[in-house]
Amino acid sequence: MTSSRKKRALFFKSLMSVILMLLAGKAWAESYIVKDGVPMAEIVISSEPCRSVVFAARELQTYIKKITGAELPIFPPFVLGDEVGSRLSQKYPPDLKRMPVKIYVGASWHTDRLGVVDDGLEWGAYRIISGKDWLVLLGRDTNFTPMGIWGRDREHMYQGAQEEWEKAIGDHHWVNPMRNIWLNYSEDMGMWAYDQKGTINAVCGFLRGLGVRWYMPGELGEIVPERQTIAIPDIDATVVPEVKIRDLNWAKFEITAPEARDQVLWAMRLGANLPFGYRGAHGQSNVTKSPENYEKHPDWYALYSGRRNTDSHTPNPCLSSESLFNEQLEYIRFLFDMFGVPAVCVAPTDGFTTICQCDQCRGKDTPERGRQGLLSDYVWEYTDRIARKMYMTHPDKLILGCAYSTYWLPPENIDEFSPNLAIHLVNTRRRYDIGDEALQEQRAAVKKWAQLTGNKIINYMNDGGGKNAPRLFAEDLKAYKGLLMGEEIYGPYKRRILADPGFTHLPFYVAARLWWDTDLDIDELLAEYYGQYYGPAAAEMEAFINYYEREQKNLRGINAASAIQQALDLFAKAEASVDPESIFGKRVALFTVGLEDMKKWYETIKDGRHNPPVYKLAHVSGEIKLDGKLDEEFWRDLPGDLKELHTGGEVEHKTRFKIGIKDNYLYFGVKCEDLPGEKINIAKVERHDDSALWHGDVVEFLIETPGHSYYQIAVNPAAMICDLDRGQGISFNWGSLAEVAASVNEQEGYWTIELKAPFTDSEQDPLHEIAGPVPSVDNPWYFNICRQRVRDGGNEMSAFAPNTSGEKGFHNILYFGELAP
């Protein structure tokens with residue numbers, strides 16, 4: 001830039017400021033990118049560009065053509081030494097006329113000559129700067145190259161890479177966290193997810209300033225204005241994201257389906273990023289979850305009822321074990337040195353809700369703090385110890401903890417964490433059913449975490465953060481302004497494709513925009529969205545989405561008929577206001593798939609439940625040893641009785657049960673009668689949630705709470721479990737955390753089950769435990785208990801609430817109170 005140029009260099013944290021400058025139309029006189037549909041500029045990149053720069057150049061070329069019809073040439077036309085670049089770049093005849101205006105995309109000797117460099121452009125930040133006949137769109141770009149031992153594909157992951165790994169770790173039995181890193185590479189796009197892509201952000205920021213919008217994956221989600229002329233804007237801006245790590249976890253690079261590619265492109269266009277090495281969840285299991293360690297190091301695992309917890313699919317740790325502590329330190333050092341990762345997660349295994357009962361651990365839990373703080377002091381004291389040890393040898397690396405489930409609240413026994421400790425804070429998105437007092441407590445906890453970590457918080461949402469809740473996303477991000485280092489949204493998907501995109505795209509779009517600028521006006525943002533995206537149906541869709549977001553809790557459960565009907569009526573108005581064959585009509589129609597389950601549920605509950613049988617819970621007095629034998633006094637009588645599933649008649653092989661309650665646990669005892677001396681059919685099951693379970697005898701517990709319909713827990717005579725959340729179709733992601741034991745007596749002809757299932761009135765962790773208040777007259781639960789007896793001569797199916805009418809749903813009220821049966 002020359003000194004005679006009278007122009008202020010502006011530093012923008014606000015992306016909206018850049019967009020407003022570009023839309024305002026201030027431009028260099030007689031300097032155009034396209035004029036009257038004729039190209040006046042060329043795109044110039046380095047002769048040896050990064051992969052992301054080649055992609056960014058093509059992105060700019062594509063959208064300028066969509067806007068104006070004019071195609072800008074890219075120079076150089078052939079990228080030397082870069083196979084991907086040569087495949088993506090166009091080749092032009094050598095005598096092609098060069099254009100007077102240059103758009104420099106990414107760093108090159110041209111941008112160096114102009115003094116435009118990527119200094120300070122961290123975490124995807126970018127610059128847009130112009131001169132009389134040039135425009136620079138630049139961010140920091142790097143080609144990611146994996147280090148150490150990593151899987152090249154699925155076959156190599158299980159063979160070559162695993163063999164190398166086992167040699168490298170010697171006598172240890174650790175999991176290689178890079179074994180499946182190949183899933184983050186796209187051959188189709190020629191990029192790694194971990195490539196730095198600052199220049200793509202610059203290009204998309206420029207296009208957004210021209211009016212382009214990407215509201216949803218795919219062309220159906222695009223808004224592309226049409227214009228014949230685009231002038232070179234008079235601009236000098238640097239845009240820095242407020243949230244550094246911005247991850248849409250369901251946007252998977254390796255999947256080649258068109259829908260999946262659209263998801264990845266959408267995430268990139270929204271400015272999402274995932275720096276290498278920051279993902280992490282339950283990292284301790286990479287050390288503890290191996291049969292060899294169960295046998296060699298039983299002291300690593302929690303002691304429950306005199307036995308070490310080595311027979312669980314998620315074995316809980318004993319955090320007082322110095323041997324485990326030292327093993328984890330050695331593993332972390334190995335990862336830092338071999339892979340160069342910036343951070344390692346050390347969080348306990350999933351489902352860690354009960355403290356070890358050994359003498360060293362006993363008394364370290366804090367039940368007075370409630371479920372979310374039960375293990376906080378215990379877990380975070382261990383985590384901080386790990387971090388302090390690693391800070392001595394690797395001060396430039398981070399240790400990642402995970403605030404989750406029973407250790408979600410900040411610890412009270414630590415005033416300040418080690419400076420290298422950061423946290424994944426799980427599911428901080430509030431819901432409309434949370435009261436003001438609970439909301440303030442939640443936000444106070446987040447601020448306390450920020451104080452402990454120095455604002456090194458990565459907000460992790462393993463449930464997508466709430467379906468169709470754009471205002472909640474915005475309100476929470478604004479409330480946590482300046483406190484978050486990152487956000488990682490593990491959105492709902494089916495077969496690795498974003499599920500119900502009509503419902504789910506808007507909150508993710510809002511979050512992505514606010515990651516860059518939390519000061520954006522949410523009302524203006526949504527007004528633009530409804531107007532551009534739904535056209536003539538804008539007002540009706542806004543009314544429907546606002547109602548759906550506000551009434552989400554009331555749209556679930558057994559009393560939801562009225563709320564569902566109103567939601568369906570609002571949507572019907574939106575459908576009627578638009579031509580179904582238009583692009584606006586097709587966008588509205590995306591909601592119909594997501595509404596199918598709601599419609600089915602409405603048909604089930606709209607007429608209420610007629611005289612359902614009532615079962616009264618019993619207090620559990622004394623202790624129950626879960627051994628499957630039902631030999632405690634509490635189980636002396638089993639009043640519940642199963643009938644034939646379809647007729648309601650008697651069955652040859654009786655099943656009786658009893659249900660009790662103690663604290664926040666339901667206790668189920670079931671006795672399944674059979675033929676004396678006959679072999680019980682126990683399907684061969686190798687793991688938790690193995691659907692082979694249903695090839696043999698099974699008892700199922702179907703549970704619907706006032707806010708959730710429904711949970712399914714299936715248990716076989718070997719005490720193997722499948723637990724599912726049927727409120728999400730057939731989702732094995734949910735875990736009941738139930739403890740179960742079974743006993744088989746083939747000689748006398750019966751088998752028995754004892755099951756202890758926790759429940760909570762908190763929805764902070766939707767992937768674990770039964771969510772619901774204590775069953776009562778005012779808040780009844782619905783349930784069913786079913787049994788299948790599988791034999792070659794035919795199966796016998798029985799249930800406490802037989803399906804004699806062919807209706808769906810459960811018809812037994814489960815409650816605790818004085819309501820007479």
# chains A, B, ... in the order shown; residues from 1 in each chain; ligands from 1

call {"tool": "select_by_dssp", "arguments": {"residues": "range 112-193 of chain A", "states": "helix (DSSP H, G or I)", "output": "list in words"}}
result
Asp112, Arg113, Leu114, Arg154, Glu155, His156, Met157, Tyr158, Gly160, Ala161, Gln162, Glu163, Glu164, Trp165, Glu166, Lys167, Ala168, Ile169, Ile181, Trp182, Leu183 and Asn184 of chain A

call {"tool": "atom_distance", "arguments": {"atom1": "CA of Ser290 in chain A", "atom2": "CA of Glu163 in chain A"}}
result
16.3 Å

call {"tool": "atom_distance", "arguments": {"atom1": "CA of Tyr667 in chain A", "atom2": "CA of Ile624 in chain A"}}
result
9.2 Å

call {"tool": "closest_residue", "arguments": {"among": "A:Asp36, A:Asp195, A:Asp519, A:Asp792", "to": "Thr142 in chain A", "atoms": "only C-alpha atoms"}}
result
A:Asp195

call {"tool": "residues_around", "arguments": {"residues": "Asn559 in chain A", "least_positions_apart": "6", "cutoff": "10 Å", "atoms": "only C-alpha atoms", "output": "mmCIF file with all heavy atoms, in the first residue's frame"}}
result
data_model
loop_
_atom_site.group_PDB
_atom_site.id
_atom_site.type_symbol
_atom_site.label_atom_id
_atom_site.label_comp_id
_atom_site.auth_asym_id
_atom_site.auth_seq_id
_atom_site.Cartn_x
_atom_site.Cartn_y
_atom_site.Cartn_z
ATOM 1 N N TYR A 602 -49.300 -38.567 18.709
ATOM 2 C CA TYR A 602 -50.578 -37.890 18.910
ATOM 3 C C TYR A 602 -51.739 -38.872 18.745
ATOM 4 O O TYR A 602 -52.692 -38.868 19.550
ATOM 5 C CB TYR A 602 -50.715 -36.740 17.920
ATOM 6 C CG TYR A 602 -52.064 -36.064 17.964
ATOM 7 C CD1 TYR A 602 -52.388 -35.203 19.002
ATOM 8 C CD2 TYR A 602 -53.015 -36.300 16.971
ATOM 9 C CE1 TYR A 602 -53.633 -34.586 19.054
ATOM 10 C CE2 TYR A 602 -54.249 -35.703 17.009
ATOM 11 C CZ TYR A 602 -54.562 -34.837 18.057
ATOM 12 O OH TYR A 602 -55.790 -34.248 18.105
ATOM 13 N N ILE A 605 -52.106 -40.970 21.938
ATOM 14 C CA ILE A 605 -52.512 -40.375 23.217
ATOM 15 C C ILE A 605 -53.721 -39.451 23.132
ATOM 16 O O ILE A 605 -54.235 -39.025 24.164
ATOM 17 C CB ILE A 605 -51.342 -39.585 23.830
ATOM 18 C CG1 ILE A 605 -50.983 -38.385 22.937
ATOM 19 C CG2 ILE A 605 -50.149 -40.481 24.058
ATOM 20 C CD1 ILE A 605 -49.944 -37.453 23.540
ATOM 21 N N LYS A 606 -54.216 -39.142 21.927
ATOM 22 C CA LYS A 606 -55.214 -38.093 21.791
ATOM 23 C C LYS A 606 -56.501 -38.388 22.550
ATOM 24 O O LYS A 606 -57.175 -37.476 23.039
ATOM 25 C CB LYS A 606 -55.519 -37.837 20.317
ATOM 26 C CG LYS A 606 -56.182 -39.002 19.598
ATOM 27 C CD LYS A 606 -56.494 -38.664 18.153
ATOM 28 C CE LYS A 606 -57.174 -39.830 17.447
ATOM 29 N NZ LYS A 606 -57.513 -39.507 16.050
ATOM 30 N N GLY A 608 -56.630 -40.204 25.280
ATOM 31 C CA GLY A 608 -56.317 -40.545 26.661
ATOM 32 C C GLY A 608 -56.183 -42.044 26.847
ATOM 33 O O GLY A 608 -56.264 -42.836 25.911
ATOM 34 N N PRO A 706 -43.186 -38.712 32.644
ATOM 35 C CA PRO A 706 -44.014 -37.592 32.182
ATOM 36 C C PRO A 706 -43.395 -36.788 31.040
ATOM 37 O O PRO A 706 -44.111 -36.196 30.239
ATOM 38 C CB PRO A 706 -44.168 -36.734 33.443
ATOM 39 C CG PRO A 706 -44.080 -37.706 34.563
ATOM 40 C CD PRO A 706 -43.069 -38.718 34.120
ATOM 41 N N GLY A 707 -42.063 -36.772 30.951
ATOM 42 C CA GLY A 707 -41.428 -35.973 29.903
ATOM 43 C C GLY A 707 -40.749 -36.772 28.819
ATOM 44 O O GLY A 707 -40.161 -36.184 27.914
#

call {"tool": "select_by_dssp", "arguments": {"residues": "range 511-644 of chain A", "states": "strand (DSSP E)", "output": "MDAnalysis selection string"}}
result
chainID A and resid 614:616 618:619 640:641 643:644

call {"tool": "closest_residue", "arguments": {"among": "A:Leu439, A:Leu409, A:Ile770, A:Ala539", "to": "Leu452 in chain A", "atoms": "only C-alpha atoms"}}
result
A:Leu409

call {"tool": "residues_around", "arguments": {"residues": "Arg246 in chain A", "least_positions_apart": "4", "cutoff": "8 Å", "atoms": "only C-alpha atoms", "output": "ChimeraX atom specification"}}
result
/A:271-274,486-488,512,515

call {"tool": "residues_around", "arguments": {"residues": "range 759-769 of chain A", "least_positions_apart": "6", "cutoff": "7 Å", "atoms": "only C-alpha atoms", "output": "PyMOL selection string"}}
result
chain A and resi 405+427+664-665+733-737
